[in-house]
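As stored in structure25.txt (compact mmCIF, C-alpha atoms):
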```
# COMPACT_ATOMS: atom_id res chain seq x y z
CA MET S 1 93.87 104.84 51.58
CA ARG S 2 90.37 103.68 52.52
CA GLU S 3 87.59 106.17 53.20
CA GLY S 4 86.23 103.89 55.90
CA SER S 5 86.29 100.31 57.10
CA LEU S 6 83.68 97.59 56.75
CA ASP S 7 85.44 95.48 59.37
CA ALA S 8 83.93 95.16 62.83
CA PRO S 9 85.20 97.88 65.19
CA THR S 10 87.83 96.80 67.69
CA ARG S 11 89.49 98.56 70.60
CA HIS S 12 93.05 98.49 71.79
CA PRO S 13 94.04 98.06 75.46
CA ILE S 14 94.46 101.38 77.28
CA ASP S 15 98.21 101.79 77.76
CA TRP S 16 97.82 103.68 81.04
CA GLN S 17 100.90 102.20 82.75
CA ASN S 18 103.21 103.53 80.04
CA PRO S 19 104.82 106.89 81.04
CA GLN S 20 104.38 108.06 77.42
CA PHE S 21 100.61 107.85 77.94
CA TYR S 22 100.85 110.92 80.20
CA ASP S 23 103.50 112.86 78.27
CA GLU S 24 102.02 116.28 77.51
CA THR S 25 103.78 116.72 74.18
CA ALA S 26 102.77 113.27 72.93
CA LEU S 27 99.20 113.75 74.17
CA ASP S 28 98.88 117.14 72.46
CA ALA S 29 100.16 115.67 69.21
CA GLU S 30 97.57 112.87 69.36
CA LEU S 31 94.77 115.31 70.21
CA ARG S 32 95.70 117.43 67.19
CA ARG S 33 95.88 114.39 64.92
CA VAL S 34 92.46 113.14 65.95
CA PHE S 35 90.80 116.56 66.14
CA ASP S 36 92.02 117.41 62.65
CA ILE S 37 90.42 114.23 61.27
CA CYS S 38 87.20 114.98 63.18
CA HIS S 39 87.19 118.54 61.83
CA GLY S 40 87.45 117.21 58.28
CA CYS S 41 84.71 114.64 58.79
CA ARG S 42 82.12 116.25 61.10
CA ARG S 43 79.75 113.25 61.10
CA CYS S 44 79.42 113.50 64.90
CA PHE S 45 78.12 117.08 64.92
CA ASN S 46 74.78 116.04 66.44
CA LEU S 47 75.96 113.75 69.23
CA CYS S 48 77.30 115.26 72.45
CA ASP S 49 78.52 118.84 72.86
CA SER S 50 82.20 117.93 72.43
CA PHE S 51 82.06 118.02 68.66
CA PRO S 52 80.20 121.35 68.27
CA ARG S 53 82.72 122.86 70.69
CA LEU S 54 85.62 121.49 68.66
CA PHE S 55 84.20 122.66 65.35
CA THR S 56 83.48 126.12 66.75
CA LEU S 57 87.08 126.39 68.00
CA VAL S 58 88.35 125.57 64.53
CA ASP S 59 85.87 127.72 62.62
CA GLU S 60 86.54 130.77 64.79
CA SER S 61 90.35 130.37 64.77
CA GLU S 62 92.58 132.74 62.83
CA SER S 63 93.24 130.31 59.98
CA GLY S 64 89.97 128.39 60.12
CA GLU S 65 92.05 125.27 60.70
CA LEU S 66 93.28 123.42 63.78
CA ASP S 67 96.81 124.82 63.55
CA THR S 68 95.75 128.17 65.06
CA VAL S 69 93.66 126.69 67.89
CA PRO S 70 95.61 126.94 71.18
CA SER S 71 96.06 123.66 73.03
CA GLN S 72 94.59 125.04 76.25
CA SER S 73 91.26 125.36 74.42
CA PHE S 74 91.06 121.58 74.06
CA LYS S 75 89.97 121.19 77.67
CA SER S 76 86.49 122.50 76.86
CA VAL S 77 86.12 119.73 74.27
CA VAL S 78 87.31 117.06 76.71
CA ASP S 79 85.08 118.30 79.52
CA ALA S 80 81.98 118.01 77.32
CA CYS S 81 82.56 114.31 76.60
CA THR S 82 80.26 112.02 78.62
CA LEU S 83 81.99 108.79 77.50
CA CYS S 84 78.73 107.63 75.95
CA ASP S 85 80.74 105.79 73.23
CA MET S 86 78.22 106.66 70.53
CA CYS S 87 80.80 108.33 68.31
CA PHE S 88 82.89 105.16 68.38
CA MET S 89 79.98 102.73 68.03
CA THR S 90 77.63 104.45 65.60
CA LYS S 91 79.22 107.35 63.73
CA CYS S 92 82.98 107.22 63.21
CA PRO S 93 84.19 105.47 60.01
CA TYR S 94 87.80 105.64 61.19
CA VAL S 95 87.77 103.44 64.29
CA PRO S 96 90.22 100.53 64.50
CA PRO S 97 91.03 98.50 62.44
CA HIS S 98 91.02 101.53 60.12
CA GLU S 99 94.52 102.94 59.70
CA PHE S 100 93.43 106.30 61.19
CA ASN S 101 92.89 104.41 64.47
CA ILE S 102 90.40 106.87 65.99
CA ASP S 103 89.04 106.15 69.46
CA PHE S 104 87.70 109.52 70.59
CA PRO S 105 86.28 108.43 73.98
CA HIS S 106 89.50 106.72 75.05
CA LEU S 107 91.49 109.77 73.97
CA MET S 108 89.30 111.83 76.30
CA VAL S 109 90.06 109.30 79.05
CA ARG S 110 93.78 109.72 78.35
CA TYR S 111 93.53 113.51 78.70
CA ARG S 112 91.65 113.17 81.99
CA ALA S 113 94.11 110.56 83.23
CA ALA S 114 96.94 113.03 82.64
CA GLU S 115 94.96 115.67 84.53
CA PHE S 116 94.30 113.23 87.36
CA ARG S 117 97.98 112.32 87.63
CA ARG S 118 98.87 116.03 87.83
CA GLY S 119 96.29 116.51 90.60
CA GLU S 120 94.09 118.75 88.47
CA ARG S 121 90.79 116.90 88.67
CA ASP S 122 88.11 118.71 90.64
CA PHE S 123 87.72 117.80 94.34
CA VAL S 124 83.94 117.43 93.99
CA ASP S 125 84.33 115.06 91.03
CA LYS S 126 86.62 112.86 93.10
CA GLU S 127 84.24 112.80 96.05
CA LEU S 128 81.16 112.07 93.92
CA ALA S 129 83.03 109.11 92.43
CA LYS S 130 83.16 107.45 95.87
CA THR S 131 79.76 105.90 95.29
CA ASP S 132 79.92 103.18 97.95
CA ARG S 133 80.93 105.58 100.68
CA ASN S 134 78.31 108.09 99.57
CA GLY S 135 75.62 105.43 99.32
CA ARG S 136 76.32 104.06 102.79
CA LEU S 137 76.46 107.49 104.41
CA ALA S 138 73.35 108.85 102.68
CA GLY S 139 71.51 105.61 103.37
CA THR S 140 72.02 105.93 107.11
CA ILE S 141 70.21 109.28 107.01
CA ALA S 142 68.05 108.54 103.97
CA GLY S 143 65.13 110.69 105.08
CA LEU S 144 67.32 113.73 105.62
CA ALA S 145 69.39 113.10 102.49
CA ASN S 146 66.33 112.78 100.28
CA TRP S 147 64.77 115.90 101.79
CA ALA S 148 67.97 117.87 101.19
CA THR S 149 68.32 116.77 97.57
CA ARG S 150 64.72 117.45 96.50
CA ARG S 151 64.66 119.80 93.52
CA LYS S 152 62.14 122.14 95.14
CA ASN S 153 64.07 122.50 98.39
CA LYS S 154 64.93 126.20 98.26
CA LEU S 155 66.99 125.95 101.43
CA THR S 156 69.47 123.21 100.54
CA ARG S 157 69.67 123.08 96.75
CA PRO S 158 71.06 126.62 96.24
CA ALA S 159 73.68 125.86 98.90
CA MET S 160 74.48 122.53 97.25
CA GLU S 161 74.87 124.30 93.92
CA LYS S 162 77.29 126.82 95.39
CA ILE S 163 79.37 124.33 97.39
CA ALA S 164 79.29 121.18 95.26
CA GLY S 165 78.45 122.62 91.85
CA ILE S 166 75.32 120.45 91.43
CA ASP S 167 72.66 122.40 89.55
CA ARG S 168 69.71 123.23 91.79
CA ASP S 169 67.27 122.07 89.12
CA ALA S 170 68.93 118.73 88.36
CA ALA S 171 67.05 115.63 89.53
CA MET S 172 69.12 113.65 92.01
CA PRO S 173 68.69 109.97 92.91
CA TYR S 174 66.95 108.82 96.08
CA PHE S 175 68.86 106.88 98.71
CA TYR S 176 67.62 103.90 100.70
CA TYR S 177 68.74 102.56 104.03
CA ASN S 178 66.98 99.33 103.08
CA THR S 179 69.35 98.56 100.22
CA PHE S 180 68.89 95.81 97.65
CA GLU S 181 71.52 93.74 99.47
CA ARG S 182 69.61 94.04 102.76
CA ARG S 183 66.29 93.21 101.14
CA SER S 184 67.67 90.18 99.31
CA ALA S 185 69.29 88.83 102.47
CA ARG S 186 65.93 88.56 104.24
CA ALA S 187 64.01 86.48 101.71
CA ALA S 188 64.42 84.93 98.29
CA PRO S 189 61.49 84.47 95.88
CA ASN S 190 60.20 80.97 95.26
CA ILE S 191 61.72 79.34 92.18
CA ASN S 192 59.23 78.16 89.56
CA ALA S 193 60.33 74.56 89.00
CA ASP S 194 57.96 74.20 86.03
CA ALA S 195 59.52 77.04 84.03
CA PRO S 196 61.34 76.06 80.81
CA ALA S 197 64.55 77.73 82.02
CA HIS S 198 64.56 75.98 85.41
CA GLY S 199 68.10 74.97 86.29
CA ARG S 200 69.76 78.23 85.32
CA LYS S 201 71.68 80.03 88.05
CA ALA S 202 72.65 83.69 88.05
CA VAL S 203 74.49 86.09 90.30
CA LEU S 204 72.99 89.58 90.30
CA TYR S 205 75.79 92.11 90.44
CA SER S 206 73.55 94.74 91.94
CA THR S 207 75.75 97.76 91.06
CA CYS S 208 76.04 100.75 93.36
CA PHE S 209 73.02 102.46 91.81
CA VAL S 210 70.56 99.60 92.19
CA ASN S 211 71.89 98.75 95.63
CA TYR S 212 71.63 102.24 97.14
CA ASN S 213 69.27 104.14 94.83
CA ALA S 214 66.96 101.74 92.97
CA PRO S 215 66.40 98.53 94.97
CA ALA S 216 63.02 98.07 93.28
CA VAL S 217 64.86 97.30 90.03
CA GLY S 218 66.75 94.53 91.79
CA GLN S 219 63.58 93.14 93.36
CA ALA S 220 61.79 93.13 90.02
CA THR S 221 64.74 91.27 88.48
CA ARG S 222 64.72 88.57 91.15
CA ASN S 223 60.95 88.10 90.84
CA VAL S 224 61.05 87.78 87.04
CA LEU S 225 63.97 85.36 87.11
CA ALA S 226 62.39 83.24 89.85
CA LYS S 227 59.18 83.10 87.80
CA ASN S 228 61.34 81.76 84.99
CA GLY S 229 62.99 79.13 87.17
CA VAL S 230 66.31 80.90 87.66
CA GLU S 231 68.04 80.64 91.02
CA THR S 232 69.67 83.95 91.96
CA LYS S 233 72.19 85.26 94.43
CA VAL S 234 72.80 88.95 95.05
CA VAL S 235 76.50 89.79 95.24
CA TYR S 236 77.97 93.26 95.47
CA PRO S 237 81.74 93.45 96.15
CA GLY S 238 81.88 97.13 95.18
CA CYS S 239 81.41 99.74 92.47
CA CYS S 240 82.52 98.98 88.90
CA GLY S 241 84.48 102.24 88.80
CA MET S 242 82.66 104.02 85.96
CA PRO S 243 82.66 107.35 87.88
CA LYS S 244 86.42 106.95 88.37
CA LEU S 245 86.86 106.23 84.67
CA GLU S 246 85.07 109.51 83.95
CA ASN S 247 87.64 111.23 86.18
CA GLY S 248 90.63 109.53 84.56
CA ASP S 249 91.45 107.56 87.71
CA LEU S 250 92.57 104.47 85.83
CA GLU S 251 94.48 103.03 88.76
CA GLY S 252 91.27 103.18 90.80
CA VAL S 253 89.34 101.42 88.04
CA ALA S 254 92.01 98.72 87.75
CA LYS S 255 91.83 98.11 91.50
CA ALA S 256 88.02 97.84 91.40
CA ALA S 257 88.20 95.46 88.44
CA ALA S 258 90.65 93.13 90.18
CA GLU S 259 88.67 93.06 93.44
CA VAL S 260 85.21 92.58 91.92
CA ALA S 261 86.39 90.03 89.35
CA ALA S 262 88.11 87.97 92.05
CA THR S 263 84.80 87.67 93.89
CA LEU S 264 82.48 87.09 90.95
CA THR S 265 84.60 84.52 89.12
CA SER S 266 84.29 82.12 92.06
CA TYR S 267 80.56 81.92 91.24
CA ILE S 268 81.24 81.38 87.55
CA ASP S 269 83.18 78.27 88.51
CA GLU S 270 80.03 77.05 90.28
CA GLY S 271 77.94 77.42 87.12
CA TYR S 272 76.45 80.86 87.70
CA ASP S 273 75.93 83.45 84.99
CA ILE S 274 76.66 87.05 85.98
CA ILE S 275 74.03 89.73 85.40
CA ALA S 276 74.81 93.44 85.77
CA LEU S 277 71.68 95.43 86.57
CA THR S 278 72.64 98.73 84.91
CA PRO S 279 74.09 99.13 81.40
CA SER S 280 77.05 101.30 82.41
CA CYS S 281 78.25 98.60 84.77
CA ALA S 282 77.66 95.83 82.23
CA LEU S 283 79.73 97.86 79.77
CA MET S 284 82.55 98.14 82.30
CA LEU S 285 82.62 94.42 83.09
CA LYS S 286 82.27 93.26 79.50
CA PHE S 287 84.39 95.78 77.60
CA GLU S 288 86.24 98.45 79.59
CA TRP S 289 87.86 96.31 82.29
CA PRO S 290 89.52 93.92 79.80
CA LEU S 291 91.11 96.94 78.11
CA ILE S 292 92.36 98.45 81.38
CA VAL S 293 93.72 95.23 82.94
CA PRO S 294 94.25 93.03 79.86
CA GLY S 295 96.55 90.63 81.72
CA ASN S 296 93.99 89.75 84.42
CA ASP S 297 92.55 86.29 83.68
CA ALA S 298 89.68 86.73 86.16
CA VAL S 299 88.58 89.91 84.37
CA LYS S 300 88.66 88.11 81.01
CA LYS S 301 86.62 85.24 82.42
CA LEU S 302 84.10 87.62 83.95
CA ALA S 303 83.71 89.55 80.70
CA GLN S 304 82.72 86.35 78.90
CA ALA S 305 80.15 85.37 81.54
CA THR S 306 78.46 88.76 82.03
CA PHE S 307 75.01 89.66 80.71
CA ASP S 308 72.95 92.81 80.75
CA ILE S 309 69.61 91.96 82.40
CA ALA S 310 67.53 92.55 79.27
CA GLU S 311 70.06 90.56 77.24
CA TYR S 312 69.66 87.67 79.70
CA ILE S 313 65.86 87.63 79.53
CA VAL S 314 65.94 87.66 75.73
CA ASP S 315 68.45 84.80 75.84
CA ILE S 316 66.04 82.76 77.97
CA ALA S 317 63.19 83.54 75.59
CA LYS S 318 65.21 82.37 72.58
CA LYS S 319 66.74 79.26 74.10
CA GLU S 320 64.14 77.85 76.50
CA GLY S 321 61.14 80.13 76.28
CA LEU S 322 59.64 82.34 78.96
CA ALA S 323 57.36 81.07 81.70
CA ALA S 324 53.64 81.51 81.10
CA GLY S 325 51.70 84.23 82.88
CA LEU S 326 52.55 87.44 81.04
CA HIS S 327 49.61 89.85 80.63
CA PRO S 328 49.39 92.98 78.48
CA LEU S 329 50.50 96.24 80.03
CA PRO S 330 47.83 98.90 80.53
CA GLY S 331 49.34 101.27 78.01
CA HIS S 332 51.95 102.20 75.45
CA VAL S 333 55.70 102.20 76.37
CA ALA S 334 58.31 104.70 75.19
CA MET S 335 61.51 102.67 75.48
CA HIS S 336 64.67 104.77 75.57
CA LEU S 337 67.79 102.89 74.48
CA ALA S 338 70.51 104.11 76.84
CA CYS S 339 73.86 104.89 75.23
CA HIS S 340 75.74 102.37 77.38
CA ALA S 341 73.25 99.68 76.43
CA ARG S 342 73.78 100.48 72.76
CA ALA S 343 77.56 100.55 73.27
CA GLN S 344 77.47 96.88 74.30
CA ASN S 345 76.76 96.07 70.65
CA MET S 346 74.07 93.54 71.54
CA GLY S 347 71.08 95.09 69.75
CA PRO S 348 68.05 96.79 71.33
CA LYS S 349 67.61 94.16 74.02
CA GLY S 350 65.49 96.35 76.32
CA ALA S 351 62.92 96.84 73.56
CA GLN S 352 63.13 93.19 72.50
CA MET S 353 62.44 92.13 76.07
CA LEU S 354 59.33 94.31 76.30
CA GLU S 355 58.09 93.00 72.95
CA LEU S 356 57.79 89.58 74.61
CA ILE S 357 54.79 90.95 76.53
CA PRO S 358 51.49 90.09 74.77
CA ASP S 359 49.89 92.91 72.78
CA SER S 360 52.76 95.22 73.66
CA LYS S 361 53.08 98.58 71.97
CA ILE S 362 56.68 99.80 72.17
CA SER S 363 58.08 102.99 70.68
CA VAL S 364 61.87 103.00 70.62
CA ILE S 365 63.85 106.18 71.32
CA GLU S 366 67.46 105.92 70.16
CA ARG S 367 68.60 109.48 70.85
CA CYS S 368 70.81 110.26 73.85
CA SER S 369 69.06 111.56 76.95
CA GLY S 370 72.00 113.94 77.48
CA HIS S 371 72.65 113.04 81.11
CA GLY S 372 76.05 111.35 81.02
CA GLY S 373 76.21 110.12 84.63
CA LYS S 374 77.16 112.76 87.17
CA TRP S 375 78.21 115.05 84.29
CA GLY S 376 74.65 116.16 83.58
CA MET S 377 73.93 117.15 87.17
CA MET S 378 76.68 119.75 87.37
CA LYS S 379 75.88 123.45 87.12
CA GLU S 380 78.23 124.04 84.18
CA ASN S 381 76.68 121.14 82.24
CA PHE S 382 73.00 120.90 83.15
CA ASP S 383 71.62 123.27 80.50
CA THR S 384 73.76 121.56 77.86
CA ALA S 385 72.54 118.16 79.05
CA ILE S 386 68.94 119.29 78.66
CA LYS S 387 69.74 120.64 75.17
CA VAL S 388 71.41 117.42 74.05
CA GLY S 389 68.47 115.37 75.34
CA LYS S 390 65.77 117.60 73.85
CA PRO S 391 65.24 115.53 70.66
CA ALA S 392 64.71 112.41 72.79
CA ALA S 393 62.31 114.30 75.06
CA ARG S 394 60.34 115.56 72.07
CA GLN S 395 60.10 112.04 70.71
CA ALA S 396 58.89 110.72 74.06
CA ILE S 397 56.15 113.35 74.13
CA ALA S 398 55.15 112.71 70.52
CA VAL S 399 54.40 109.00 71.04
CA GLU S 400 52.01 109.78 73.94
CA ALA S 401 53.14 106.78 75.97
CA LYS S 402 51.80 105.81 79.37
CA PHE S 403 55.19 104.47 80.48
CA ILE S 404 58.65 106.03 80.01
CA ALA S 405 61.38 103.42 80.38
CA SER S 406 65.15 103.20 80.08
CA GLU S 407 67.71 100.64 81.22
CA CYS S 408 69.66 103.57 82.70
CA PRO S 409 67.67 105.02 85.63
CA LEU S 410 69.56 108.33 85.50
CA ALA S 411 68.86 108.65 81.78
CA ALA S 412 65.17 107.93 82.35
CA ASP S 413 64.84 110.62 85.01
CA HIS S 414 66.76 113.12 82.90
CA LEU S 415 64.53 112.34 79.93
CA ALA S 416 61.53 113.08 82.14
CA GLN S 417 63.10 116.40 83.11
CA GLY S 418 63.57 117.22 79.44
CA MET S 419 59.90 116.48 78.83
CA GLU S 420 58.99 118.74 81.74
CA LYS S 421 61.10 121.56 80.29
CA ILE S 422 59.07 121.33 77.08
CA SER S 423 55.74 121.00 78.85
CA GLU S 424 55.07 120.41 82.54
CA GLU S 425 51.87 118.58 81.62
CA GLU S 426 53.87 116.00 79.66
CA ALA S 427 56.25 115.02 82.47
CA PRO S 428 55.55 111.44 83.66
CA PRO S 429 54.88 110.91 87.39
CA ARG S 430 57.69 108.34 87.42
CA THR S 431 59.97 106.41 85.08
CA TYR S 432 60.72 102.69 84.85
CA HIS S 433 63.46 100.22 84.17
CA PRO S 434 62.08 97.81 81.53
CA ILE S 435 62.53 94.86 83.91
CA GLU S 436 60.02 96.58 86.22
CA LEU S 437 57.50 96.61 83.37
CA LEU S 438 58.12 92.93 82.66
CA ALA S 439 57.55 92.22 86.36
CA MET S 440 54.34 94.24 86.17
CA ALA S 441 53.22 92.12 83.20
CA TYR S 442 53.81 89.03 85.34
CA GLY S 443 51.63 90.49 88.08
CA PHE S 444 54.35 91.47 90.58
```
The structure given in the file should be rewritten as structure tokens.
Amino acid sequence: MREGSLDAPTRHPIDWQNPQFYDETALDAELRRVFDICHGCRRCFNLCDSFPRLFTLVDESESGELDTVPSQSFKSVVDACTLCDMCFMTKCPYVPPHEFNIDFPHLMVRYRAAEFRRGERDFVDKELAKTDRNGRLAGTIAGLANWATRRKNKLTRPAMEKIAGIDRDAAMPYFYYNTFERRSARAAPNINADAPAHGRKAVLYSTCFVNYNAPAVGQATRNVLAKNGVETKVVYPGCCGMPKLENGDLEGVAKAAAEVAATLTSYIDEGYDIIALTPSCALMLKFEWPLIVPGNDAVKKLAQATFDIAEYIVDIAKKEGLAAGLHPLPGHVAMHLACHARAQNMGPKGAQMLELIPDSKISVIERCSGHGGKWGMMKENFDTAIKVGKPAARQAIAVEAKFIASECPLAADHLAQGMEKISEEEAPPRTYHPIELLAMAYGF
């Protein structure tokens, strides 16, 4: 029996349409099999809080082994998983094709899917996962919504904490009535016909977050690509379903995958590349969707044609070369590598993109910010999220950077909160997506 595998990790399709997938006895047996291996290994002790919780359950049990840990205790382990995929991608020696066949994140998804089918998922979790509805509604009253969600609003945030379970101290995203879709419909940037990459065409899958909460990221992307001769179209058929995946709503994710893929593949046939503007959504399109709807040809085609934005810029730089006009940034950059960017197994593309800027000074932070999507905003998780992200926050402070950047806007803001918890003087006034810094270097 091998201690580990030197073969490239692979993942099996999620068998969510099989009734056995939801069988409580079969699920408990698989949880115990995997947890027992994890207990014997313990390499993931310093990732998320799931593993410390599991090891504490075992260590404090009557026998000191998994056999005396009650099954109902497993929920605390599952609830602490943020689906960051770092255990699978960077730590576990027993992932497929190893015979132990360990896929911890997808086992957590299976547990949550069984909960969801039984109607046990929290009402607030389900409502927060309706990102398009929430974005449209909040955008229509953006001023009021942003006032109500401000961290220092002592009137609304305590009430929000009590009713919705969102910690009063957790940073929440801004909403915009003037979404990225609306802005892009009014005017397109002029295409630089002299750029080496002129002739490329790309569809920007704006994602719910960029569309409703961070349109400046989308605008920076269009400007940089136009400078490099790339024609772009902004297309947003709907959310990728990552929040629903976190809830175990696999049917909802499958529906989103089929609908979005049907729209985007029509552009692929016209010669367009597809660029997802946030790493979680790129991960869904490239890796998760093909495992949830493996028989959908449009999803397969989309997965092959999808790029992360930093990955796309680096590809241009390698194949054609970037357009002239980049100028040094006025300071050092602390570049946080978001977990879902790392999980795409493409290398540190965000950092590589920023290194294309002349005289750039980039310090890479590879530790998790601790946020985990909506998970880190919740009252029961916020303090843990800050704790998990503390090493990354300390590293960001230590490098004394002028700019704090991450491809995941939520991770960047949470990292800034972690820095503030250590020292209010160290908290940056704002954070950046690395494409915004590249746009800045181009003079936009």
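Here atom CA of S:Arg200 and atom CA of S:Pro294 stand 29.1 Å from one another.
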Excluding S:Val399 and any residue of its chain fewer than 5 positions from it, enumerate the residues within 10 Å of it, using only C-alpha atoms, and give them as JSON, numbers by chain.
{"S": [332, 333, 334, 362, 363, 364, 365, 394]}
Pairwise distance for atom CA of S:Asp413 and atom CA of S:Thr431, rounded to one decimal in Å
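If I compute the distance from atom CA of S:Asp413 to atom CA of S:Thr431, I get 6.4 Å.
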Please identify all polymer residues within 10 Å of S:Asp122, counting all atoms listed in the file, omitting same-chain residues fewer than 6 positions from it, and present them as an MDAnalysis selection string.
chainID S and resid 115:116 247
Shortest contact to S:Arg222, candidates S:Glu181, S:Asp36, S:Glu420, S:Asp125, atoms counted only C-alpha atoms, goes to S:Glu181
Selection near stretch 144-157 of chain S, 12 Å with only C-alpha atoms, sequence-local residues under 2 positions removed, as a count of residues only
32
From the set S:Tyr272, S:Trp375, S:Tyr205, S:Pro348, which residue has the shortest atom-to-atom contact distance to S:Leu285, counting all atoms listed in the file?
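Using all atoms listed in the file, S:Leu285 sits closest to S:Tyr205.
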Give me the residues within 9 Å of S:Leu27 as an NGL selection string, counting all atoms listed in the file and dropping any in the same chain fewer than 4 places off.
:S and (20-23 or 31-32 or 107 or 110-111 or 114)
Skip S:Met335 itself and residues of its chain fewer than 2 positions away, then list as a PDB file with C-alpha atoms, in the frame of the given file all residues within 12 Å of it, counting all atoms listed in the file.
```
ATOM      1  CA  HIS S 332      51.950 102.200  75.450  1.00  0.00           C
ATOM      2  CA  VAL S 333      55.700 102.200  76.370  1.00  0.00           C
ATOM      3  CA  LEU S 337      67.790 102.890  74.480  1.00  0.00           C
ATOM      4  CA  ALA S 338      70.510 104.110  76.840  1.00  0.00           C
ATOM      5  CA  PRO S 348      68.050  96.790  71.330  1.00  0.00           C
ATOM      6  CA  LYS S 349      67.610  94.160  74.020  1.00  0.00           C
ATOM      7  CA  GLY S 350      65.490  96.350  76.320  1.00  0.00           C
ATOM      8  CA  ALA S 351      62.920  96.840  73.560  1.00  0.00           C
ATOM      9  CA  GLN S 352      63.130  93.190  72.500  1.00  0.00           C
ATOM     10  CA  MET S 353      62.440  92.130  76.070  1.00  0.00           C
ATOM     11  CA  LEU S 354      59.330  94.310  76.300  1.00  0.00           C
ATOM     12  CA  GLU S 355      58.090  93.000  72.950  1.00  0.00           C
ATOM     13  CA  SER S 360      52.760  95.220  73.660  1.00  0.00           C
ATOM     14  CA  LYS S 361      53.080  98.580  71.970  1.00  0.00           C
ATOM     15  CA  ILE S 362      56.680  99.800  72.170  1.00  0.00           C
ATOM     16  CA  SER S 363      58.080 102.990  70.680  1.00  0.00           C
ATOM     17  CA  VAL S 364      61.870 103.000  70.620  1.00  0.00           C
ATOM     18  CA  ILE S 365      63.850 106.180  71.320  1.00  0.00           C
ATOM     19  CA  GLU S 366      67.460 105.920  70.160  1.00  0.00           C
ATOM     20  CA  ARG S 367      68.600 109.480  70.850  1.00  0.00           C
ATOM     21  CA  SER S 369      69.060 111.560  76.950  1.00  0.00           C
ATOM     22  CA  ALA S 392      64.710 112.410  72.790  1.00  0.00           C
ATOM     23  CA  ALA S 393      62.310 114.300  75.060  1.00  0.00           C
ATOM     24  CA  GLN S 395      60.100 112.040  70.710  1.00  0.00           C
ATOM     25  CA  ALA S 396      58.890 110.720  74.060  1.00  0.00           C
ATOM     26  CA  VAL S 399      54.400 109.000  71.040  1.00  0.00           C
ATOM     27  CA  GLU S 400      52.010 109.780  73.940  1.00  0.00           C
ATOM     28  CA  ALA S 401      53.140 106.780  75.970  1.00  0.00           C
ATOM     29  CA  LYS S 402      51.800 105.810  79.370  1.00  0.00           C
ATOM     30  CA  PHE S 403      55.190 104.470  80.480  1.00  0.00           C
ATOM     31  CA  ILE S 404      58.650 106.030  80.010  1.00  0.00           C
ATOM     32  CA  ALA S 405      61.380 103.420  80.380  1.00  0.00           C
ATOM     33  CA  SER S 406      65.150 103.200  80.080  1.00  0.00           C
ATOM     34  CA  GLU S 407      67.710 100.640  81.220  1.00  0.00           C
ATOM     35  CA  CYS S 408      69.660 103.570  82.700  1.00  0.00           C
ATOM     36  CA  ALA S 411      68.860 108.650  81.780  1.00  0.00           C
ATOM     37  CA  ALA S 412      65.170 107.930  82.350  1.00  0.00           C
ATOM     38  CA  LEU S 415      64.530 112.340  79.930  1.00  0.00           C
ATOM     39  CA  THR S 431      59.970 106.410  85.080  1.00  0.00           C
ATOM     40  CA  TYR S 432      60.720 102.690  84.850  1.00  0.00           C
ATOM     41  CA  HIS S 433      63.460 100.220  84.170  1.00  0.00           C
ATOM     42  CA  PRO S 434      62.080  97.810  81.530  1.00  0.00           C
ATOM     43  CA  ILE S 435      62.530  94.860  83.910  1.00  0.00           C
ATOM     44  CA  LEU S 437      57.500  96.610  83.370  1.00  0.00           C
TER      45      LEU S 437
END
```
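Minimum atom-to-atom distance to S:Gly238, evaluated using only C-alpha atoms, belongs to S:Thr131 out of S:Lys319, S:Thr131, S:Leu225, S:Asn381.
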Could you check which of S:Phe444, S:Tyr212, S:Phe55, S:Trp289 is closest to S:Met242, using all atoms listed in the file?
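Nearest candidate to S:Met242 out of S:Phe444, S:Tyr212, S:Phe55, S:Trp289: S:Trp289.
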Using atom CA of S:Leu245 and atom CA of S:Asp269 as the two end points, give the distance in Å to one decimal.
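Interatomic distance here is 28.5 Å.
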Take every atom of stretch 303-322 of chain S listed in the file, fit an axis-aligned box around them, add 8 Å per side, and give the centre and edge lengths in Å to one decimal as JSON.
```
{"center_x": 71.7, "center_y": 85.3, "center_z": 77.5, "size_x": 40.1, "size_y": 31.0, "size_z": 25.8}
```
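With distances taken over all atoms listed in the file, S:Asn192 is the one residue among S:Gln344, S:Asn211, S:Asn192, S:Asn296 lying closest to S:Ala323.
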Per residue of stretch 93-145 of chain S within 9 Å of stretch 249-268 of chain S, note the shortest atom pair and the distance in Å to one decimal, counting all atoms listed in the file, and order the rows by chain and increasing residue number, as a tab-separated table.
```
residue	atom	partner	partner_atom	distance
S:Val109	CA	S:Leu250	CA	8.7
S:Arg112	CA	S:Asp249	CA	8.0
S:Ala113	CA	S:Asp249	CA	6.0
S:Phe116	CA	S:Asp249	CA	6.4
S:Arg117	CA	S:Asp249	CA	8.1
S:Lys126	CA	S:Asp249	CA	9.0
```
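Of the residues under consideration (S:Gly40, S:Gly376, S:Pro70, S:Gly271), S:Gly271 shows the shortest atom-to-atom contact distance to S:Lys201 when counting all atoms listed in the file.
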